[in-house]
Every structure is written in structure tokens, then in C-alpha cells.
Amino acid sequence: MMRTAVLFLLAACAGAEALPVRGLHLGAPKPAEMPLALRFIRDALPKEGVNTLVMEFNYRYQFAKHPEVADADALSPEQVRQLAEACRAAGVELVPLINLLGHQSWARTTFGLLRAHPEFDETPGLYPDNANIYCRSYCPLHPELHAMVFDLIDELLDATGAKTFHAGMDEVFLLGEDVCPRCKGKDKAELFAGEVKAVRDHLAGRGVKLWLWADRLIDGEVTGIGKWEASQNQTAPALGLIPRDVVLCDWHYEAAHPTAQRFALEGFQVMSSPWRKPSVALGQLAQMRDARAHSTAVVRDRMLGMLQTTWVGFGPFARAYFSEDKTPQAQVAEAVLCFRELFREMRTMNQ
Ligand SMILES: [Zn+2]
């Protein structure tokens with residue numbers, strides 16, 4: 001009995017250690033926001049206890065090899081070097097993100113890759129002005145696609161010196177479409193897993209780890225989670241097809257679904273990602289701590305921590321955080337509040 005109690009106490013203490021990943025996800029700043037961004041990285045991140053900054057560049061970078069892909073407000077190599085240097089000085093790991101496969105457009109705007117290279121579109125010529133779709137996808141089987149995408153990834157890795165790359169790949173709805181002669185009729189889980197593996201293998205060749213949003217790997221019907229935070233387009237079996245060194249970012253914004261535990265038990269490193277609701281963020285954190293406290297050492301070590309998302313742009317988030325915008329939009333204020341409450345709670349275990 002005594003021994004059991006002691007073991008439980010030891011396990012509880014192990015779960016109470018500072019989490020390995022205490023992360024924040026933000027869009028890359030616009031060029032005019034550089035001074036604000038550098039100040040936020042240097043002052044706010046160490047103060048809050050953030051040790052990982054996932055920065056979503058997508059095509060907002062002045063790519064040297066493929067300048068035609070750059071979108072408006074693209075950062076220069078020197079500006080990205082400054083962001084990376086500020087992160088290093090603040091003790092923060094910078095993880096660059098380009099959202100691959102899906103999310104190649106937003107509303108009527110098609111992003112740089114498919115704007116400059118419509119031949120890579122999974123549904124070329126369909127959905128003018130992106131009407132009646134969520135986002136465009138590129139075709140993962142186009143024979144010339146990966147050479148270009150890997151060039152883009154490599155340039156961002158070179159500019160940042162990063163050892164981890166986030167490839168997004170959330171909410172992919174257009175996949176294996178009938179209008180694509182290469183993908184038509186193919187198994188969607190195999191298509192998704194094949195793209196994950198291609199990116200993972202390229203990164204592994206340069207010693208870089210791959211992070212991914214996890215929604216396409218959860219069965220939305222079996223879990224009842226639905227088609228956004230989970231998959232109802234036949235991609236979920238990809239979990240059994242992708243290498244287990246891919247790290248999963250398990251985002252849920254409305255409820256703290258116990259999905260991270262499942263990924264860890266299946267052999268994947270995982271973190272939980274909230275957005276605007278402190279109750280969801282704190283619920284995810286409680287589960288992360290609880291699972292770490294009651295798991296074997298190998299499973300505990302896969303439960304990496306938390307990655308707070310924001311989805312409001314770097315400038316609006318940082319200005320609201322510093323109270324320099326006295327009347328932020330509601331979703332900006334909510335994201336800042338959730339960030340503050342989550343990190344306040346995480347700091348209680350960081351000393
Ligand atoms: Zn295709």
C-alpha cells in the first residue's frame with residue numbers, strides 16, 4: 001500500500017514537470033510590423049514562458065529560386081534572419097510553417113503557388129473565383145511539384161536555421177478528385193500519407209523534424225467530432241501509414257477532446273492546440289498533465305505540451321497583448337485572453 005502511494009506521488013510529480021513544448025502559433029508579421037514583432041519576441045515570449053514559436057509564412061517570403069510564388073507583404077531574407085536571431089536570443093525555438101497540400105487559397109484569393117503555377121492545381125479550371133469550395137489544394141502526384149515545394153521549404157529553413165518545420169496540412173477537402181488524371185480513384189488515406197511521407201523524407205535528409213496539424217488523422221464520424229477538427233473524407237486511416245517520427249499538433253477549439261492521448265498511445269509525439277476558449281485550453285492542459293502523470297515513461301515523453309493558436313495576424317495579436325490597441329476585435333481579444341490564461345497556468349509548474 002505504502003509503495004503504491006509513493007509510486008503514485010512520483011508519477012504525479014513527473015506529470016507536474018514543465019512541459020517540453022510551450023508554444024505559440026502566429027502568422028508571420030508584415031514587413032511594417034517588424035519592430036513590433038521583434039519587441040514581442042524579445043519581451044513577451046520569455047515573460048510568458050513561451051519556448052516555441054510556430055510562424056506561419058506560407059508564401060510571404062521573397063523566395064530567391066521561385067520569386068513568382070511570393071505573395072504580398074513578403075519578408076526579405078534579412079528580416080527573417082532578424083526574427084530567427086531574436087528567437088534564439090529569447091531562448092525560443094522558431095518553427096517556420098508553410099501550409100502544404102490544402103489551404104492553397106482563401107475566399108477569392110488563390111495563394112502564390114497555384115497563382116503562379118496553376119498546373120499544380122488538383123482541380124484546374126474548376127471553381128472560378130474559388131466559389132463553392134473551402135480552399136484549393138495542390139496535386140500531390142504532379143511530377144514537378146515536389147522539386148519546387150522542397151526549394152521553398154529549404155529556403156525558409158536556410159533563412160531561419162530551424163531544426164523543425166510545420167507543414168500544416170489541415171482541413172484538406174479537395175483530395176483524390178475525379179478531375180485530376182493522376183489522383184482520380186486513388187485511396188485518399190494513401191494520398192494523404194504519401195504526401196506526409198514525401199515531405200517527412202525530404203526534411204529527414206537535412207535532419208529536420210516534421211510537425212503537422214492532426215485533424216485529417218482523426219475519424220470524424222466514429223468520434224463525432226465532425227469534418228473540420230476531424231476527417232470525414234476518408235483520410236483517417238493515414239495514421240497507420242505515416243512514419244511515427246512525425247509530430248502531431250492536435251487542434252480543438254470547442255471542446256477538449258481526449259484525442260492527444262490516443263496519438264501518444266499509437267506512438268506519435270503530440271501537443272494540444274486551443275484557440276479562443278480558456279476553458280478548452282485549460283481542459284487540454286489538464287489532460288496533458290494527467291496523461292503524463294499516469295502513463296508509462298515512453299508514452300509520457302510523447303505528450304509534448306501545448307501550442308496556442310491565434311488566427312488574427314501577428315500585428316493585431318501583439319498590439320492587443322501590449323494593450324497598444326485599446327479596442328481590439330472580439331476574436332483578437334479572445335485569443336490574447338486564452339493565451340494569457342493558458343500560460344499563466346503553465347507557469348505554475350515551470351518553477
Ligand atoms: Zn492529383
# chains A, B, ... in the order shown; residues from 1 in each chain; ligands from 1

call {"tool": "residues_near_ligand", "arguments": {"ligand": "ligand 1", "cutoff": "7 Å", "atoms": "only C-alpha atoms and all ligand atoms", "output": "number ranges by chain"}}
result
A: 122, 139-142, 176-177, 180-183

call {"tool": "residues_around", "arguments": {"residues": "Phe150 of chain A", "least_positions_apart": "2", "cutoff": "12 Å", "atoms": "only C-alpha atoms", "output": "PDB file with N, CA and C atoms, in the first residue's frame"}}
result
ATOM      1  N   PHE A  63      11.245  34.440 -51.974  1.00  0.00           N
ATOM      2  CA  PHE A  63      11.980  33.251 -52.406  1.00  0.00           C
ATOM      3  C   PHE A  63      12.916  33.613 -53.551  1.00  0.00           C
ATOM      4  N   LYS A  65      14.769  31.349 -55.508  1.00  0.00           N
ATOM      5  CA  LYS A  65      14.699  30.443 -56.664  1.00  0.00           C
ATOM      6  C   LYS A  65      13.366  30.543 -57.398  1.00  0.00           C
ATOM      7  N   HIS A  66      12.318  30.888 -56.680  1.00  0.00           N
ATOM      8  CA  HIS A  66      10.985  30.941 -57.287  1.00  0.00           C
ATOM      9  C   HIS A  66      10.287  32.236 -56.863  1.00  0.00           C
ATOM     10  N   ILE A  98       4.792  26.435 -43.691  1.00  0.00           N
ATOM     11  CA  ILE A  98       4.121  26.667 -44.974  1.00  0.00           C
ATOM     12  C   ILE A  98       2.999  25.646 -45.044  1.00  0.00           C
ATOM     13  N   LEU A 100       0.894  23.170 -46.578  1.00  0.00           N
ATOM     14  CA  LEU A 100       1.016  22.372 -47.796  1.00  0.00           C
ATOM     15  C   LEU A 100      -0.273  21.591 -48.072  1.00  0.00           C
ATOM     16  N   GLU A 144       6.231  17.450 -61.100  1.00  0.00           N
ATOM     17  CA  GLU A 144       7.180  18.560 -60.902  1.00  0.00           C
ATOM     18  C   GLU A 144       6.930  19.339 -59.620  1.00  0.00           C
ATOM     19  N   LEU A 145       5.917  18.924 -58.857  1.00  0.00           N
ATOM     20  CA  LEU A 145       5.524  19.715 -57.688  1.00  0.00           C
ATOM     21  C   LEU A 145       6.584  19.711 -56.587  1.00  0.00           C
ATOM     22  N   HIS A 146       7.070  18.542 -56.221  1.00  0.00           N
ATOM     23  CA  HIS A 146       7.886  18.458 -55.010  1.00  0.00           C
ATOM     24  C   HIS A 146       9.228  19.167 -55.155  1.00  0.00           C
ATOM     25  N   ALA A 147       9.796  19.154 -56.345  1.00  0.00           N
ATOM     26  CA  ALA A 147      11.064  19.862 -56.517  1.00  0.00           C
ATOM     27  C   ALA A 147      10.890  21.329 -56.136  1.00  0.00           C
ATOM     28  N   MET A 148       9.752  21.914 -56.544  1.00  0.00           N
ATOM     29  CA  MET A 148       9.532  23.323 -56.223  1.00  0.00           C
ATOM     30  C   MET A 148       9.198  23.519 -54.749  1.00  0.00           C
ATOM     31  N   LEU A 152      11.188  25.756 -51.720  1.00  0.00           N
ATOM     32  CA  LEU A 152      10.598  26.792 -50.851  1.00  0.00           C
ATOM     33  C   LEU A 152      10.893  26.474 -49.383  1.00  0.00           C
ATOM     34  N   ILE A 153      10.678  25.212 -49.006  1.00  0.00           N
ATOM     35  CA  ILE A 153      10.947  24.802 -47.622  1.00  0.00           C
ATOM     36  C   ILE A 153      12.420  25.036 -47.288  1.00  0.00           C
ATOM     37  N   ASP A 154      13.299  24.628 -48.195  1.00  0.00           N
ATOM     38  CA  ASP A 154      14.741  24.738 -47.926  1.00  0.00           C
ATOM     39  C   ASP A 154      15.162  26.191 -47.737  1.00  0.00           C
ATOM     40  N   GLU A 155      14.581  27.088 -48.538  1.00  0.00           N
ATOM     41  CA  GLU A 155      14.967  28.492 -48.393  1.00  0.00           C
ATOM     42  C   GLU A 155      14.567  29.034 -47.023  1.00  0.00           C
ATOM     43  N   LEU A 156      13.374  28.653 -46.547  1.00  0.00           N
ATOM     44  CA  LEU A 156      12.952  29.125 -45.221  1.00  0.00           C
ATOM     45  C   LEU A 156      13.793  28.485 -44.114  1.00  0.00           C
ATOM     46  N   LEU A 157      14.141  27.229 -44.301  1.00  0.00           N
ATOM     47  CA  LEU A 157      14.992  26.572 -43.300  1.00  0.00           C
ATOM     48  C   LEU A 157      16.376  27.210 -43.285  1.00  0.00           C
ATOM     49  N   ASP A 158      16.897  27.543 -44.460  1.00  0.00           N
ATOM     50  CA  ASP A 158      18.210  28.197 -44.518  1.00  0.00           C
ATOM     51  C   ASP A 158      18.164  29.573 -43.840  1.00  0.00           C
ATOM     52  N   PHE A 165      10.129  21.853 -38.945  1.00  0.00           N
ATOM     53  CA  PHE A 165       9.294  22.529 -39.942  1.00  0.00           C
ATOM     54  C   PHE A 165       7.858  22.059 -39.764  1.00  0.00           C
ATOM     55  N   ALA A 167       4.249  21.707 -41.542  1.00  0.00           N
ATOM     56  CA  ALA A 167       3.701  21.668 -42.901  1.00  0.00           C
ATOM     57  C   ALA A 167       2.191  21.863 -42.948  1.00  0.00           C
ATOM     58  N   ALA A 198       6.462  12.099 -48.182  1.00  0.00           N
ATOM     59  CA  ALA A 198       7.378  12.797 -49.093  1.00  0.00           C
ATOM     60  C   ALA A 198       8.023  13.991 -48.400  1.00  0.00           C
ATOM     61  N   VAL A 199       7.208  14.773 -47.698  1.00  0.00           N
ATOM     62  CA  VAL A 199       7.749  15.955 -47.007  1.00  0.00           C
ATOM     63  C   VAL A 199       8.648  15.509 -45.863  1.00  0.00           C
ATOM     64  N   ARG A 200       8.196  14.515 -45.123  1.00  0.00           N
ATOM     65  CA  ARG A 200       8.989  13.998 -43.992  1.00  0.00           C
ATOM     66  C   ARG A 200      10.356  13.502 -44.472  1.00  0.00           C
ATOM     67  N   ASP A 201      10.391  12.766 -45.585  1.00  0.00           N
ATOM     68  CA  ASP A 201      11.658  12.209 -46.073  1.00  0.00           C
ATOM     69  C   ASP A 201      12.601  13.311 -46.525  1.00  0.00           C
ATOM     70  N   HIS A 202      12.051  14.339 -47.178  1.00  0.00           N
ATOM     71  CA  HIS A 202      12.906  15.455 -47.585  1.00  0.00           C
ATOM     72  C   HIS A 202      13.532  16.126 -46.361  1.00  0.00           C
ATOM     73  N   LEU A 203      12.684  16.378 -45.341  1.00  0.00           N
ATOM     74  CA  LEU A 203      13.189  17.039 -44.128  1.00  0.00           C
ATOM     75  C   LEU A 203      14.203  16.162 -43.403  1.00  0.00           C
ATOM     76  N   GLY A 205      16.248  14.189 -44.583  1.00  0.00           N
ATOM     77  CA  GLY A 205      17.526  14.259 -45.279  1.00  0.00           C
ATOM     78  C   GLY A 205      18.403  15.404 -44.810  1.00  0.00           C
ATOM     79  N   ARG A 206      17.770  16.418 -44.218  1.00  0.00           N
ATOM     80  CA  ARG A 206      18.583  17.507 -43.666  1.00  0.00           C
ATOM     81  C   ARG A 206      18.459  17.595 -42.144  1.00  0.00           C
TER      82      ARG A 206
END

call {"tool": "closest_residue", "arguments": {"among": "A:Leu101, A:Val208, A:Ala107, A:Pro258", "to": "Glu195 of chain A", "atoms": "only C-alpha atoms"}}
result
A:Leu101

call {"tool": "residues_around", "arguments": {"residues": "segment 50-59 of chain A", "least_positions_apart": "5", "cutoff": "7 Å", "atoms": "only C-alpha atoms", "output": "list in words"}}
result
Val21, Arg22, Gly23, Leu24, His25, Leu26, Gly27, Ala28, Leu45, Val69, Ala70, Asp71, Gly91, Val92, Glu93, Leu94, Val95, Pro96, Leu97, Ile98, Asn99 and Gly112 of chain A

call {"tool": "atom_distance", "arguments": {"atom1": "atom CA of Arg136 of chain A", "atom2": "atom CA of Gln104 of chain A"}}
result
4.9 Å

call {"tool": "residues_around", "arguments": {"residues": "Arg108 of chain A", "least_positions_apart": "3", "cutoff": "9 Å", "atoms": "only C-alpha atoms", "output": "PyMOL selection string"}}
result
chain A and resi 105+128-131

call {"tool": "write_last_selection", "arguments": {"atoms": "N, CA and C atoms", "output": "PDB file, in the first residue's frame"}}
result
ATOM      1  N   SER A 105      -5.738  28.509 -51.042  1.00  0.00           N
ATOM      2  CA  SER A 105      -6.493  29.733 -51.333  1.00  0.00           C
ATOM      3  C   SER A 105      -7.287  30.096 -50.087  1.00  0.00           C
ATOM      4  N   PRO A 128     -14.224  28.709 -60.562  1.00  0.00           N
ATOM      5  CA  PRO A 128     -13.738  30.069 -60.786  1.00  0.00           C
ATOM      6  C   PRO A 128     -14.009  30.953 -59.574  1.00  0.00           C
ATOM      7  N   ASP A 129     -13.039  31.818 -59.254  1.00  0.00           N
ATOM      8  CA  ASP A 129     -13.102  32.686 -58.066  1.00  0.00           C
ATOM      9  C   ASP A 129     -13.231  31.881 -56.773  1.00  0.00           C
ATOM     10  N   ASN A 130     -12.879  30.597 -56.839  1.00  0.00           N
ATOM     11  CA  ASN A 130     -12.907  29.708 -55.667  1.00  0.00           C
ATOM     12  C   ASN A 130     -14.310  29.582 -55.074  1.00  0.00           C
ATOM     13  N   ALA A 131     -15.312  29.772 -55.919  1.00  0.00           N
ATOM     14  CA  ALA A 131     -16.698  29.677 -55.441  1.00  0.00           C
ATOM     15  C   ALA A 131     -17.041  28.224 -55.103  1.00  0.00           C
TER      16      ALA A 131
END

call {"tool": "select_by_dssp", "arguments": {"residues": "segment 7-141 of chain A", "states": "alpha helix (DSSP H)", "output": "ChimeraX atom specification"}}
result
/A:7-15,34-39,45-48,77-89,112-116

call {"tool": "closest_residue", "arguments": {"among": "A:Thr110, A:Ser137, A:Ser279, A:Gln287", "to": "Leu304 of chain A", "atoms": "only C-alpha atoms"}}
result
A:Gln287

call {"tool": "select_by_dssp", "arguments": {"residues": "segment 30-215 of chain A", "states": "strand (DSSP E)", "output": "VMD selection string"}}
result
chain A and resid 52 to 56 93 to 97 105 to 106 109 to 110 164 to 166 209 to 213

call {"tool": "write_last_selection", "arguments": {"atoms": "N, CA and C atoms", "output": "PDB file, in the first residue's frame"}}
result
ATOM      1  N   THR A  52       8.537  27.986 -27.757  1.00  0.00           N
ATOM      2  CA  THR A  52       8.425  27.579 -29.162  1.00  0.00           C
ATOM      3  C   THR A  52       7.504  28.559 -29.882  1.00  0.00           C
ATOM      4  N   LEU A  53       7.958  29.098 -31.014  1.00  0.00           N
ATOM      5  CA  LEU A  53       7.123  29.992 -31.822  1.00  0.00           C
ATOM      6  C   LEU A  53       6.977  29.393 -33.208  1.00  0.00           C
ATOM      7  N   VAL A  54       5.759  28.926 -33.517  1.00  0.00           N
ATOM      8  CA  VAL A  54       5.457  28.453 -34.874  1.00  0.00           C
ATOM      9  C   VAL A  54       5.018  29.674 -35.674  1.00  0.00           C
ATOM     10  N   MET A  55       5.783  30.009 -36.714  1.00  0.00           N
ATOM     11  CA  MET A  55       5.489  31.211 -37.502  1.00  0.00           C
ATOM     12  C   MET A  55       5.039  30.796 -38.898  1.00  0.00           C
ATOM     13  N   GLU A  56       3.785  31.150 -39.215  1.00  0.00           N
ATOM     14  CA  GLU A  56       3.206  30.730 -40.493  1.00  0.00           C
ATOM     15  C   GLU A  56       3.562  31.732 -41.584  1.00  0.00           C
ATOM     16  N   GLU A  93      12.487  28.390 -29.679  1.00  0.00           N
ATOM     17  CA  GLU A  93      12.700  27.680 -30.943  1.00  0.00           C
ATOM     18  C   GLU A  93      11.717  28.198 -31.984  1.00  0.00           C
ATOM     19  N   LEU A  94      12.232  28.662 -33.106  1.00  0.00           N
ATOM     20  CA  LEU A  94      11.386  29.152 -34.199  1.00  0.00           C
ATOM     21  C   LEU A  94      11.098  28.007 -35.159  1.00  0.00           C
ATOM     22  N   VAL A  95       9.813  27.762 -35.403  1.00  0.00           N
ATOM     23  CA  VAL A  95       9.379  26.693 -36.304  1.00  0.00           C
ATOM     24  C   VAL A  95       8.647  27.331 -37.483  1.00  0.00           C
ATOM     25  N   PRO A  96       9.269  27.410 -38.665  1.00  0.00           N
ATOM     26  CA  PRO A  96       8.565  28.003 -39.806  1.00  0.00           C
ATOM     27  C   PRO A  96       7.480  27.068 -40.328  1.00  0.00           C
ATOM     28  N   LEU A  97       6.399  27.669 -40.847  1.00  0.00           N
ATOM     29  CA  LEU A  97       5.261  26.884 -41.360  1.00  0.00           C
ATOM     30  C   LEU A  97       4.895  27.355 -42.762  1.00  0.00           C
ATOM     31  N   SER A 105      -5.738  28.509 -51.042  1.00  0.00           N
ATOM     32  CA  SER A 105      -6.493  29.733 -51.333  1.00  0.00           C
ATOM     33  C   SER A 105      -7.287  30.096 -50.087  1.00  0.00           C
ATOM     34  N   TRP A 106      -7.791  31.347 -50.074  1.00  0.00           N
ATOM     35  CA  TRP A 106      -8.701  31.767 -49.006  1.00  0.00           C
ATOM     36  C   TRP A 106      -9.712  32.713 -49.630  1.00  0.00           C
ATOM     37  N   THR A 109      -9.103  34.689 -53.015  1.00  0.00           N
ATOM     38  CA  THR A 109      -7.668  34.830 -53.266  1.00  0.00           C
ATOM     39  C   THR A 109      -6.989  33.467 -53.361  1.00  0.00           C
ATOM     40  N   THR A 110      -6.363  33.198 -54.482  1.00  0.00           N
ATOM     41  CA  THR A 110      -5.538  31.998 -54.629  1.00  0.00           C
ATOM     42  C   THR A 110      -4.098  32.385 -54.278  1.00  0.00           C
ATOM     43  N   THR A 164      13.086  22.270 -37.055  1.00  0.00           N
ATOM     44  CA  THR A 164      11.733  21.725 -37.109  1.00  0.00           C
ATOM     45  C   THR A 164      10.957  22.531 -38.146  1.00  0.00           C
ATOM     46  N   PHE A 165      10.129  21.853 -38.945  1.00  0.00           N
ATOM     47  CA  PHE A 165       9.294  22.529 -39.942  1.00  0.00           C
ATOM     48  C   PHE A 165       7.858  22.059 -39.764  1.00  0.00           C
ATOM     49  N   HIS A 166       6.917  23.008 -39.797  1.00  0.00           N
ATOM     50  CA  HIS A 166       5.491  22.686 -39.685  1.00  0.00           C
ATOM     51  C   HIS A 166       4.875  22.799 -41.082  1.00  0.00           C
ATOM     52  N   LYS A 209      12.859  17.895 -38.275  1.00  0.00           N
ATOM     53  CA  LYS A 209      11.643  17.172 -37.884  1.00  0.00           C
ATOM     54  C   LYS A 209      10.405  17.799 -38.508  1.00  0.00           C
ATOM     55  N   LEU A 210       9.396  16.973 -38.798  1.00  0.00           N
ATOM     56  CA  LEU A 210       8.137  17.460 -39.379  1.00  0.00           C
ATOM     57  C   LEU A 210       7.032  17.515 -38.332  1.00  0.00           C
ATOM     58  N   TRP A 211       6.392  18.687 -38.253  1.00  0.00           N
ATOM     59  CA  TRP A 211       5.165  18.837 -37.466  1.00  0.00           C
ATOM     60  C   TRP A 211       3.999  18.994 -38.436  1.00  0.00           C
ATOM     61  N   LEU A 212       2.797  18.626 -37.934  1.00  0.00           N
ATOM     62  CA  LEU A 212       1.616  18.568 -38.797  1.00  0.00           C
ATOM     63  C   LEU A 212       0.371  18.840 -37.951  1.00  0.00           C
ATOM     64  N   TRP A 213      -0.621  19.566 -38.496  1.00  0.00           N
ATOM     65  CA  TRP A 213      -1.933  19.576 -37.843  1.00  0.00           C
ATOM     66  C   TRP A 213      -2.526  18.174 -37.957  1.00  0.00           C
TER      67      TRP A 213
END

call {"tool": "residues_around", "arguments": {"residues": "segment 223-230 of chain A", "least_positions_apart": "5", "cutoff": "8 Å", "atoms": "only C-alpha atoms", "output": "list in words"}}
result
Glu171, Ala214, Asp215, Arg216, Leu217, Ile218, Trp251 and His252 of chain A

call {"tool": "write_last_selection", "arguments": {"atoms": "N, CA and C atoms", "output": "CSV table (one decimal), in the first residue's frame"}}
result
chain,number,residue,atom,x,y,z
A,171,GLU,N,-7.5,20.5,-42.7
A,171,GLU,CA,-8.7,20.8,-43.4
A,171,GLU,C,-8.6,20.6,-44.9
A,214,ALA,N,-3.3,17.7,-37.0
A,214,ALA,CA,-3.6,16.3,-36.9
A,214,ALA,C,-5.1,16.0,-37.3
A,215,ASP,N,-5.9,17.0,-37.7
A,215,ASP,CA,-7.3,16.7,-38.0
A,215,ASP,C,-7.6,15.6,-39.0
A,216,ARG,N,-6.8,15.5,-40.1
A,216,ARG,CA,-7.0,14.5,-41.1
A,216,ARG,C,-6.8,13.1,-40.6
A,217,LEU,N,-6.2,13.0,-39.4
A,217,LEU,CA,-5.9,11.6,-38.9
A,217,LEU,C,-6.9,11.1,-37.8
A,218,ILE,N,-7.9,11.9,-37.6
A,218,ILE,CA,-9.0,11.5,-36.7
A,218,ILE,C,-10.3,11.2,-37.5
A,251,TRP,N,-5.4,20.1,-32.8
A,251,TRP,CA,-6.2,21.3,-32.5
A,251,TRP,C,-7.6,21.0,-32.3
A,252,HIS,N,-8.2,21.5,-31.2
A,252,HIS,CA,-9.6,21.5,-31.0
A,252,HIS,C,-10.0,22.8,-30.3

call {"tool": "residues_around", "arguments": {"residues": "Ala264 of chain A", "least_positions_apart": "6", "cutoff": "10 Å", "atoms": "only C-alpha atoms", "output": "ChimeraX atom specification"}}
result
/A:247-248,270-271,291,295,298-304

call {"tool": "residues_around", "arguments": {"residues": "Pro274 of chain A", "least_positions_apart": "5", "cutoff": "7 Å", "atoms": "only C-alpha atoms", "output": "PyMOL selection string"}}
result
chain A and resi 251-253+280-281+308-309

call {"tool": "write_last_selection", "arguments": {"atoms": "C-alpha atoms", "output": "short mmCIF file (atom, residue, chain, number, x, y, z; two decimals), in the first residue's frame"}}
result
data_model
loop_
_atom_site.label_atom_id
_atom_site.label_comp_id
_atom_site.auth_asym_id
_atom_site.auth_seq_id
_atom_site.Cartn_x
_atom_site.Cartn_y
_atom_site.Cartn_z
CA TRP A 251 -6.16 21.28 -32.53
CA HIS A 252 -9.59 21.50 -30.96
CA TYR A 253 -11.29 24.82 -30.33
CA VAL A 280 -10.84 24.37 -23.69
CA ALA A 281 -7.17 25.34 -23.31
CA GLN A 308 -1.70 28.03 -28.63
CA THR A 309 -3.12 29.20 -31.97
#

call {"tool": "closest_residue", "arguments": {"among": "A:Leu342, A:Val336, A:Ala189, A:Ala330", "to": "Ser272 of chain A", "atoms": "only C-alpha atoms"}}
result
A:Leu342

call {"tool": "closest_residue", "arguments": {"among": "A:Arg262, A:Gln331, A:Arg319, A:Gly283", "to": "Glu33 of chain A", "atoms": "only C-alpha atoms"}}
result
A:Arg319

call {"tool": "closest_residue", "arguments": {"among": "A:Phe263, A:Ala255, A:Cys135, A:Phe192", "to": "Leu241 of chain A", "atoms": "only C-alpha atoms"}}
result
A:Phe192

call {"tool": "atom_distance", "arguments": {"atom1": "atom CA of Thr310 of chain A", "atom2": "atom CA of Asp250 of chain A"}}
result
14.6 Å

call {"tool": "atom_distance", "arguments": {"atom1": "atom CA of Leu307 of chain A", "atom2": "atom CA of Glu17 of chain A"}}
result
16.8 Å

call {"tool": "closest_residue", "arguments": {"among": "A:Val179, A:Ala256, A:Cys87, A:Arg60", "to": "Ala44 of chain A", "atoms": "only C-alpha atoms"}}
result
A:Cys87

call {"tool": "decode", "arguments": {"residues": "segment 112-159 of chain A", "atoms": "C-alpha atoms", "output": "PDB file, in the first residue's frame"}}
result
ATOM      1  CA  GLY A 112       1.263  32.201 -54.586  1.00  0.00           C
ATOM      2  CA  LEU A 113       1.964  28.596 -55.514  1.00  0.00           C
ATOM      3  CA  LEU A 114      -1.205  27.952 -57.522  1.00  0.00           C
ATOM      4  CA  ARG A 115      -1.468  31.559 -58.711  1.00  0.00           C
ATOM      5  CA  ALA A 116       1.966  31.273 -60.329  1.00  0.00           C
ATOM      6  CA  HIS A 117       1.686  27.568 -61.201  1.00  0.00           C
ATOM      7  CA  PRO A 118      -1.935  26.638 -61.915  1.00  0.00           C
ATOM      8  CA  GLU A 119      -0.644  23.410 -63.444  1.00  0.00           C
ATOM      9  CA  PHE A 120      -0.208  22.127 -59.865  1.00  0.00           C
ATOM     10  CA  ASP A 121      -3.916  22.633 -59.039  1.00  0.00           C
ATOM     11  CA  GLU A 122      -5.835  19.474 -58.033  1.00  0.00           C
ATOM     12  CA  THR A 123      -8.932  20.925 -59.744  1.00  0.00           C
ATOM     13  CA  PRO A 124      -7.523  23.029 -62.612  1.00  0.00           C
ATOM     14  CA  GLY A 125     -10.047  25.297 -64.248  1.00  0.00           C
ATOM     15  CA  LEU A 126     -12.810  24.336 -61.817  1.00  0.00           C
ATOM     16  CA  TYR A 127     -14.405  26.629 -59.235  1.00  0.00           C
ATOM     17  CA  PRO A 128     -13.738  30.069 -60.786  1.00  0.00           C
ATOM     18  CA  ASP A 129     -13.102  32.686 -58.066  1.00  0.00           C
ATOM     19  CA  ASN A 130     -12.907  29.708 -55.667  1.00  0.00           C
ATOM     20  CA  ALA A 131     -16.698  29.677 -55.441  1.00  0.00           C
ATOM     21  CA  ASN A 132     -18.338  26.747 -53.630  1.00  0.00           C
ATOM     22  CA  ILE A 133     -15.120  25.365 -52.149  1.00  0.00           C
ATOM     23  CA  TYR A 134     -13.337  25.916 -48.832  1.00  0.00           C
ATOM     24  CA  CYS A 135      -9.754  26.111 -50.135  1.00  0.00           C
ATOM     25  CA  ARG A 136      -7.862  24.909 -53.188  1.00  0.00           C
ATOM     26  CA  SER A 137      -5.418  22.000 -52.936  1.00  0.00           C
ATOM     27  CA  TYR A 138      -2.339  21.219 -54.957  1.00  0.00           C
ATOM     28  CA  CYS A 139      -1.991  17.834 -56.629  1.00  0.00           C
ATOM     29  CA  PRO A 140       0.369  15.707 -54.520  1.00  0.00           C
ATOM     30  CA  LEU A 141       1.132  13.470 -57.518  1.00  0.00           C
ATOM     31  CA  HIS A 142       2.157  16.163 -60.023  1.00  0.00           C
ATOM     32  CA  PRO A 143       5.635  15.058 -61.136  1.00  0.00           C
ATOM     33  CA  GLU A 144       7.180  18.560 -60.902  1.00  0.00           C
ATOM     34  CA  LEU A 145       5.524  19.715 -57.688  1.00  0.00           C
ATOM     35  CA  HIS A 146       7.886  18.458 -55.010  1.00  0.00           C
ATOM     36  CA  ALA A 147      11.064  19.862 -56.517  1.00  0.00           C
ATOM     37  CA  MET A 148       9.532  23.323 -56.223  1.00  0.00           C
ATOM     38  CA  VAL A 149       7.891  22.878 -52.808  1.00  0.00           C
ATOM     39  CA  PHE A 150      11.104  21.494 -51.347  1.00  0.00           C
ATOM     40  CA  ASP A 151      13.026  24.505 -52.708  1.00  0.00           C
ATOM     41  CA  LEU A 152      10.598  26.792 -50.851  1.00  0.00           C
ATOM     42  CA  ILE A 153      10.947  24.802 -47.622  1.00  0.00           C
ATOM     43  CA  ASP A 154      14.741  24.738 -47.926  1.00  0.00           C
ATOM     44  CA  GLU A 155      14.967  28.492 -48.393  1.00  0.00           C
ATOM     45  CA  LEU A 156      12.952  29.125 -45.221  1.00  0.00           C
ATOM     46  CA  LEU A 157      14.992  26.572 -43.300  1.00  0.00           C
ATOM     47  CA  ASP A 158      18.210  28.197 -44.518  1.00  0.00           C
ATOM     48  CA  ALA A 159      16.985  31.673 -43.525  1.00  0.00           C
TER      49      ALA A 159
END
